[in-house]
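Below is one structure, written out as structure tokens; the observations come after it.
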Amino acid sequence: MQLIEKYAKENEIPIIQKESLKFIENLINEKKIKNILEIGSAIGYSAIKMALVSDEIKVLTLEKDETRFIEAKKNIEKMKLCDRITILNVDAKEFILDEQFDLIFIDAAKSSNLYFFEKYKKNLKQNGIIITDNINFHNLKEEEIENKNLKRMVKKTREYREFLIANEEFETVFIEIGDGLSISQRRG
Ligand SMILES: C[S@@+](CC[C@H](N)C(=O)[O-])C[C@H]1O[C@@H](n2cnc3c(N)ncnc32)[C@H](O)[C@@H]1O
């Protein structure tokens, strides 16, 4: 795993922060999660870490960038996890999926969080959870940013938080670790 972390650092590939990962691993363990959908594999780091929590876990992970997909596939093979991690080189915005999961981990384009939440909630089991990473988006202040794209990302992240807070179907808790995680579960 250290080699994957080194590769990510050297190639500026964003992977989940250690303390956020620890939190997710504990949750997977506590809730006895078996089936995971991940949106945004990058080079397979978080998918591998989640699969390693228990031998019973299966992960389906989606990555649209071909180079990252190839690297992720290699890493999954090296870790001998091909029978438990399926990675697809697809755009998660267009992908059609019928399967149901205990956990959906949203970790792709931050401006599309809301879109992914709405698109994939039908793939969540009744008592399942949706986790989203980088919910604080580096704590950047919208009014202090000049770069248009960055400003848009921060605005989208704020709008996603507001969407989760106001959501009548799902209840969300925000965890202030790493870059911020949200944990959403159906009400009732
Ligand atoms: C933050 S990285 C994922 C990190 C990974 N989950 C980890 O912690 O090891 C986000 C990834 O999402 C991918 N991505 C962005 N939009 C996507 C989409 N529409 N469909 C699939 N993958 C997407 C990017 O190419 C990028 O590799």
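Quick note on naming: the chains in the structure tokens go A, B, ... in the order shown, residues restart at 1 in each chain, and ligands are numbered from 1 in order of appearance.
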Could you give me, as JSON, numbers by chain, the residues within 8 Å of Thr132 in chain A, counting only C-alpha atoms and dropping anything in the same chain fewer than 6 positions from it?
{"A": [105, 106, 107, 113, 181, 182, 183]}
Site check for ligand 1: residues at most 8 Å away, only C-alpha atoms and all ligand atoms, as a count of residues only
32
Length of the CA of Ser111 in chain A to CA of Phe23 in chain A vector [Å]
23.4 Å
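Residues within 8 Å of Gly178 in chain A, counting only C-alpha atoms and excluding same-chain residues fewer than 2 positions away, are A:Gln17, A:Lys18, A:Glu19, A:Ser20, A:Asn134, A:Glu176, A:Gly180, A:Leu181.
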Quick one: everything within 9 Å of Leu114 in chain A, counting only C-alpha atoms, minus sequence neighbours fewer than 5 positions away in the same chain. Send it as a VMD selection string.
chain A and resid 119 156 to 157 159 to 160 163 to 164
Next, write the just-selected residues to a file, as a PDB file, in the first residue's frame, keeping N, CA and C atoms as the atom set.
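Saved file part.pdb follows:
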ATOM      1  N   LYS A 119     -28.675  10.344  -8.407  1.00  0.00           N
ATOM      2  CA  LYS A 119     -28.674   9.273  -9.412  1.00  0.00           C
ATOM      3  C   LYS A 119     -28.570   7.893  -8.765  1.00  0.00           C
ATOM      4  N   LYS A 156     -20.489  24.866  -5.264  1.00  0.00           N
ATOM      5  CA  LYS A 156     -21.189  23.585  -5.445  1.00  0.00           C
ATOM      6  C   LYS A 156     -21.127  22.746  -4.164  1.00  0.00           C
ATOM      7  N   THR A 157     -19.971  22.780  -3.502  1.00  0.00           N
ATOM      8  CA  THR A 157     -19.819  22.010  -2.255  1.00  0.00           C
ATOM      9  C   THR A 157     -20.760  22.563  -1.186  1.00  0.00           C
ATOM     10  N   GLU A 159     -23.541  24.180  -1.750  1.00  0.00           N
ATOM     11  CA  GLU A 159     -24.918  23.840  -2.147  1.00  0.00           C
ATOM     12  C   GLU A 159     -25.241  22.376  -1.825  1.00  0.00           C
ATOM     13  N   TYR A 160     -24.230  21.514  -1.958  1.00  0.00           N
ATOM     14  CA  TYR A 160     -24.433  20.092  -1.641  1.00  0.00           C
ATOM     15  C   TYR A 160     -24.699  19.917  -0.138  1.00  0.00           C
ATOM     16  N   PHE A 163     -28.147  21.035   0.524  1.00  0.00           N
ATOM     17  CA  PHE A 163     -29.075  20.021   0.012  1.00  0.00           C
ATOM     18  C   PHE A 163     -29.224  18.875   1.024  1.00  0.00           C
ATOM     19  N   LEU A 164     -28.088  18.454   1.592  1.00  0.00           N
ATOM     20  CA  LEU A 164     -28.126  17.342   2.561  1.00  0.00           C
ATOM     21  C   LEU A 164     -28.858  17.771   3.846  1.00  0.00           C
TER      22      LEU A 164
END
Name the residues in contact with Asn29 in chain A at a cut-off of 12 Å, using only C-alpha atoms, excluding same-chain residues fewer than 6 positions from it; report them as a PyMOL selection string.
chain A and resi 22-23+50-57+103
Taking the chain letters and numbering used in this document, name the residues of chain A that DSSP puts in strand (DSSP E or B), as a PyMOL selection string.
chain A and resi 35-39+58-62+85-88+101-106+124-133+170-175+181-186
Could those selected residues go to a file with C-alpha atoms, as a PDB file, in the first residue's frame?
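Listing of part33.pdb after writing:
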ATOM      1  CA  ASN A  35     -21.379  -4.577  -0.803  1.00  0.00           C
ATOM      2  CA  ILE A  36     -19.807  -1.252  -1.686  1.00  0.00           C
ATOM      3  CA  LEU A  37     -20.209   1.036  -4.686  1.00  0.00           C
ATOM      4  CA  GLU A  38     -17.446   3.612  -5.092  1.00  0.00           C
ATOM      5  CA  ILE A  39     -17.745   6.510  -7.519  1.00  0.00           C
ATOM      6  CA  LYS A  58     -17.194  -6.830  -2.507  1.00  0.00           C
ATOM      7  CA  VAL A  59     -16.506  -3.477  -4.142  1.00  0.00           C
ATOM      8  CA  LEU A  60     -17.684  -2.107  -7.478  1.00  0.00           C
ATOM      9  CA  THR A  61     -15.681   1.014  -8.323  1.00  0.00           C
ATOM     10  CA  LEU A  62     -16.128   3.390 -11.288  1.00  0.00           C
ATOM     11  CA  ILE A  85     -13.062  -5.647  -6.517  1.00  0.00           C
ATOM     12  CA  THR A  86     -14.624  -4.923  -9.888  1.00  0.00           C
ATOM     13  CA  ILE A  87     -13.390  -1.759 -11.549  1.00  0.00           C
ATOM     14  CA  LEU A  88     -15.054  -0.295 -14.632  1.00  0.00           C
ATOM     15  CA  PHE A 101     -25.366  -1.726  -2.081  1.00  0.00           C
ATOM     16  CA  ASP A 102     -24.903  -1.359   1.695  1.00  0.00           C
ATOM     17  CA  LEU A 103     -22.549   1.568   1.164  1.00  0.00           C
ATOM     18  CA  ILE A 104     -22.135   4.111  -1.622  1.00  0.00           C
ATOM     19  CA  PHE A 105     -18.926   6.134  -1.408  1.00  0.00           C
ATOM     20  CA  ILE A 106     -19.043   9.302  -3.518  1.00  0.00           C
ATOM     21  CA  LEU A 124     -28.788   1.959  -1.880  1.00  0.00           C
ATOM     22  CA  LYS A 125     -30.354  -0.753   0.271  1.00  0.00           C
ATOM     23  CA  GLN A 126     -33.054   0.445   2.687  1.00  0.00           C
ATOM     24  CA  ASN A 127     -30.648   0.640   5.636  1.00  0.00           C
ATOM     25  CA  GLY A 128     -27.571   1.530   3.604  1.00  0.00           C
ATOM     26  CA  ILE A 129     -25.377   4.615   3.914  1.00  0.00           C
ATOM     27  CA  ILE A 130     -23.999   7.159   1.475  1.00  0.00           C
ATOM     28  CA  ILE A 131     -20.619   8.657   2.376  1.00  0.00           C
ATOM     29  CA  THR A 132     -19.251  11.708   0.576  1.00  0.00           C
ATOM     30  CA  ASP A 133     -15.653  12.870   0.951  1.00  0.00           C
ATOM     31  CA  PHE A 170     -32.130  11.263   4.163  1.00  0.00           C
ATOM     32  CA  GLU A 171     -30.656  12.291   7.487  1.00  0.00           C
ATOM     33  CA  THR A 172     -26.999  13.373   7.333  1.00  0.00           C
ATOM     34  CA  VAL A 173     -24.269  13.801   9.891  1.00  0.00           C
ATOM     35  CA  PHE A 174     -21.138  15.762   9.062  1.00  0.00           C
ATOM     36  CA  ILE A 175     -17.846  14.446  10.398  1.00  0.00           C
ATOM     37  CA  LEU A 181     -17.132  13.537   5.448  1.00  0.00           C
ATOM     38  CA  SER A 182     -20.911  13.335   5.258  1.00  0.00           C
ATOM     39  CA  ILE A 183     -22.772  10.195   6.281  1.00  0.00           C
ATOM     40  CA  SER A 184     -26.345   9.969   4.991  1.00  0.00           C
ATOM     41  CA  GLN A 185     -28.986   7.420   5.904  1.00  0.00           C
ATOM     42  CA  ARG A 186     -32.681   7.142   4.999  1.00  0.00           C
TER      43      ARG A 186
END
Lys78 in chain A environment, 12 Å, only C-alpha atoms, sequence neighbours closer than 3 positions dropped, as a PyMOL selection string
chain A and resi 1+3-4+44+48+71-75+81-82
Write a file of the selected residues as a CSV table (one decimal), in the first residue's frame, keeping C-alpha atoms.
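The file below, again_7.csv, is the result:
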chain,number,residue,atom,x,y,z
A,1,MET,CA,0.0,0.0,0.0
A,3,LEU,CA,3.9,2.1,-3.0
A,4,ILE,CA,0.4,3.1,-4.1
A,44,GLY,CA,-7.7,2.0,-6.5
A,48,ILE,CA,-8.4,-1.7,-1.9
A,71,GLU,CA,-3.1,1.9,-12.8
A,72,ALA,CA,-5.9,0.9,-10.5
A,73,LYS,CA,-6.5,-2.4,-12.2
A,74,LYS,CA,-2.7,-3.2,-11.8
A,75,ASN,CA,-2.9,-2.4,-8.1
A,81,LEU,CA,-8.3,-8.7,-5.0
A,82,CYS,CA,-9.7,-9.2,-8.5
Quick one, how far is CA of Lys31 in chain A from CA of Lys121 in chain A?
18.4 Å
When DSSP works through the backbone of this structure, what residues of range 103-164 of chain A end up as helix (DSSP H, G or I), shown as an MDAnalysis selection string?
chainID A and resid 110:123 137:139 142:144 148:164
Output N, CA and C atoms for every residue in the selection just made, as a CSV table (one decimal), in the first residue's frame.
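Full text of selection14.csv as output:
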chain,number,residue,atom,x,y,z
A,110,LYS,N,-16.1,16.8,-7.4
A,110,LYS,CA,-16.8,17.4,-6.3
A,110,LYS,C,-18.0,18.2,-6.7
A,111,SER,N,-18.0,18.8,-7.9
A,111,SER,CA,-19.1,19.6,-8.3
A,111,SER,C,-20.3,18.8,-8.7
A,112,SER,N,-20.1,17.4,-8.8
A,112,SER,CA,-21.2,16.5,-9.2
A,112,SER,C,-21.8,15.7,-8.0
A,113,ASN,N,-21.4,16.0,-6.8
A,113,ASN,CA,-21.8,15.3,-5.7
A,113,ASN,C,-23.3,15.1,-5.6
A,114,LEU,N,-24.0,16.2,-5.8
A,114,LEU,CA,-25.5,16.2,-5.7
A,114,LEU,C,-26.1,15.3,-6.8
A,115,TYR,N,-25.5,15.5,-8.0
A,115,TYR,CA,-26.0,14.6,-9.1
A,115,TYR,C,-25.8,13.2,-8.8
A,116,PHE,N,-24.6,12.8,-8.3
A,116,PHE,CA,-24.4,11.4,-8.0
A,116,PHE,C,-25.3,10.9,-6.9
A,117,PHE,N,-25.5,11.7,-5.9
A,117,PHE,CA,-26.4,11.3,-4.8
A,117,PHE,C,-27.8,11.0,-5.3
A,118,GLU,N,-28.3,11.9,-6.1
A,118,GLU,CA,-29.7,11.7,-6.6
A,118,GLU,C,-29.7,10.5,-7.6
A,119,LYS,N,-28.7,10.3,-8.4
A,119,LYS,CA,-28.7,9.3,-9.4
A,119,LYS,C,-28.6,7.9,-8.8
A,120,TYR,N,-27.7,7.8,-7.7
A,120,TYR,CA,-27.4,6.4,-7.2
A,120,TYR,C,-28.2,6.1,-6.0
A,121,LYS,N,-29.0,7.0,-5.4
A,121,LYS,CA,-29.7,6.6,-4.2
A,121,LYS,C,-30.6,5.4,-4.4
A,122,LYS,N,-31.1,5.2,-5.6
A,122,LYS,CA,-31.9,4.0,-5.9
A,122,LYS,C,-31.1,2.7,-5.8
A,123,ASN,N,-29.8,2.8,-5.8
A,123,ASN,CA,-28.9,1.6,-5.7
A,123,ASN,C,-28.5,1.4,-4.2
A,137,PHE,N,-14.3,20.9,1.3
A,137,PHE,CA,-13.5,21.4,0.2
A,137,PHE,C,-12.3,22.3,0.7
A,138,HIS,N,-11.5,21.8,1.5
A,138,HIS,CA,-10.3,22.4,2.1
A,138,HIS,C,-10.6,23.7,2.8
A,139,ASN,N,-11.8,23.9,3.3
A,139,ASN,CA,-12.2,25.0,4.1
A,139,ASN,C,-12.0,26.4,3.4
A,142,GLU,N,-15.5,31.0,-0.1
A,142,GLU,CA,-16.0,31.4,-1.5
A,142,GLU,C,-15.7,32.9,-1.8
A,143,GLU,N,-16.0,33.8,-0.9
A,143,GLU,CA,-15.8,35.2,-1.1
A,143,GLU,C,-14.4,35.6,-1.3
A,144,GLU,N,-13.4,34.8,-0.9
A,144,GLU,CA,-12.0,35.1,-1.0
A,144,GLU,C,-11.3,34.6,-2.2
A,148,LYS,N,-12.2,31.4,-11.1
A,148,LYS,CA,-13.6,31.1,-11.4
A,148,LYS,C,-14.0,29.7,-11.1
A,149,ASN,N,-13.1,28.7,-11.6
A,149,ASN,CA,-13.4,27.3,-11.5
A,149,ASN,C,-13.5,26.9,-10.0
A,150,LEU,N,-12.5,27.4,-9.3
A,150,LEU,CA,-12.3,27.0,-7.9
A,150,LEU,C,-13.5,27.6,-7.1
A,151,LYS,N,-13.9,28.8,-7.4
A,151,LYS,CA,-15.1,29.4,-6.8
A,151,LYS,C,-16.3,28.6,-7.0
A,152,ARG,N,-16.5,28.1,-8.3
A,152,ARG,CA,-17.6,27.3,-8.6
A,152,ARG,C,-17.7,26.0,-7.8
A,153,MET,N,-16.5,25.4,-7.7
A,153,MET,CA,-16.4,24.1,-6.9
A,153,MET,C,-16.8,24.3,-5.4
A,154,VAL,N,-16.3,25.4,-4.9
A,154,VAL,CA,-16.6,25.7,-3.5
A,154,VAL,C,-18.1,26.0,-3.3
A,155,LYS,N,-18.7,26.7,-4.3
A,155,LYS,CA,-20.1,27.0,-4.3
A,155,LYS,C,-20.9,25.7,-4.3
A,156,LYS,N,-20.5,24.9,-5.3
A,156,LYS,CA,-21.2,23.6,-5.4
A,156,LYS,C,-21.1,22.7,-4.2
A,157,THR,N,-20.0,22.8,-3.5
A,157,THR,CA,-19.8,22.0,-2.3
A,157,THR,C,-20.8,22.6,-1.2
A,158,ARG,N,-20.8,23.9,-1.1
A,158,ARG,CA,-21.8,24.5,-0.1
A,158,ARG,C,-23.2,24.1,-0.5
A,159,GLU,N,-23.5,24.2,-1.8
A,159,GLU,CA,-24.9,23.8,-2.1
A,159,GLU,C,-25.2,22.4,-1.8
A,160,TYR,N,-24.2,21.5,-2.0
A,160,TYR,CA,-24.4,20.1,-1.6
A,160,TYR,C,-24.7,19.9,-0.1
A,161,ARG,N,-23.9,20.6,0.7
A,161,ARG,CA,-24.1,20.6,2.1
A,161,ARG,C,-25.6,21.0,2.5
A,162,GLU,N,-26.0,22.1,1.8
A,162,GLU,CA,-27.3,22.7,2.1
A,162,GLU,C,-28.4,21.7,1.6
A,163,PHE,N,-28.1,21.0,0.5
A,163,PHE,CA,-29.1,20.0,0.0
A,163,PHE,C,-29.2,18.9,1.0
A,164,LEU,N,-28.1,18.5,1.6
A,164,LEU,CA,-28.1,17.3,2.6
A,164,LEU,C,-28.9,17.8,3.8
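The spacing separating CA of Glu168 in chain A from CA of Ile24 in chain A amounts to 24.2 Å.
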If you count only C-alpha atoms, the residue of A:Asn136, A:Ile165, A:Lys34, A:Lys141 closest to Gln100 in chain A turns out to be A:Lys34
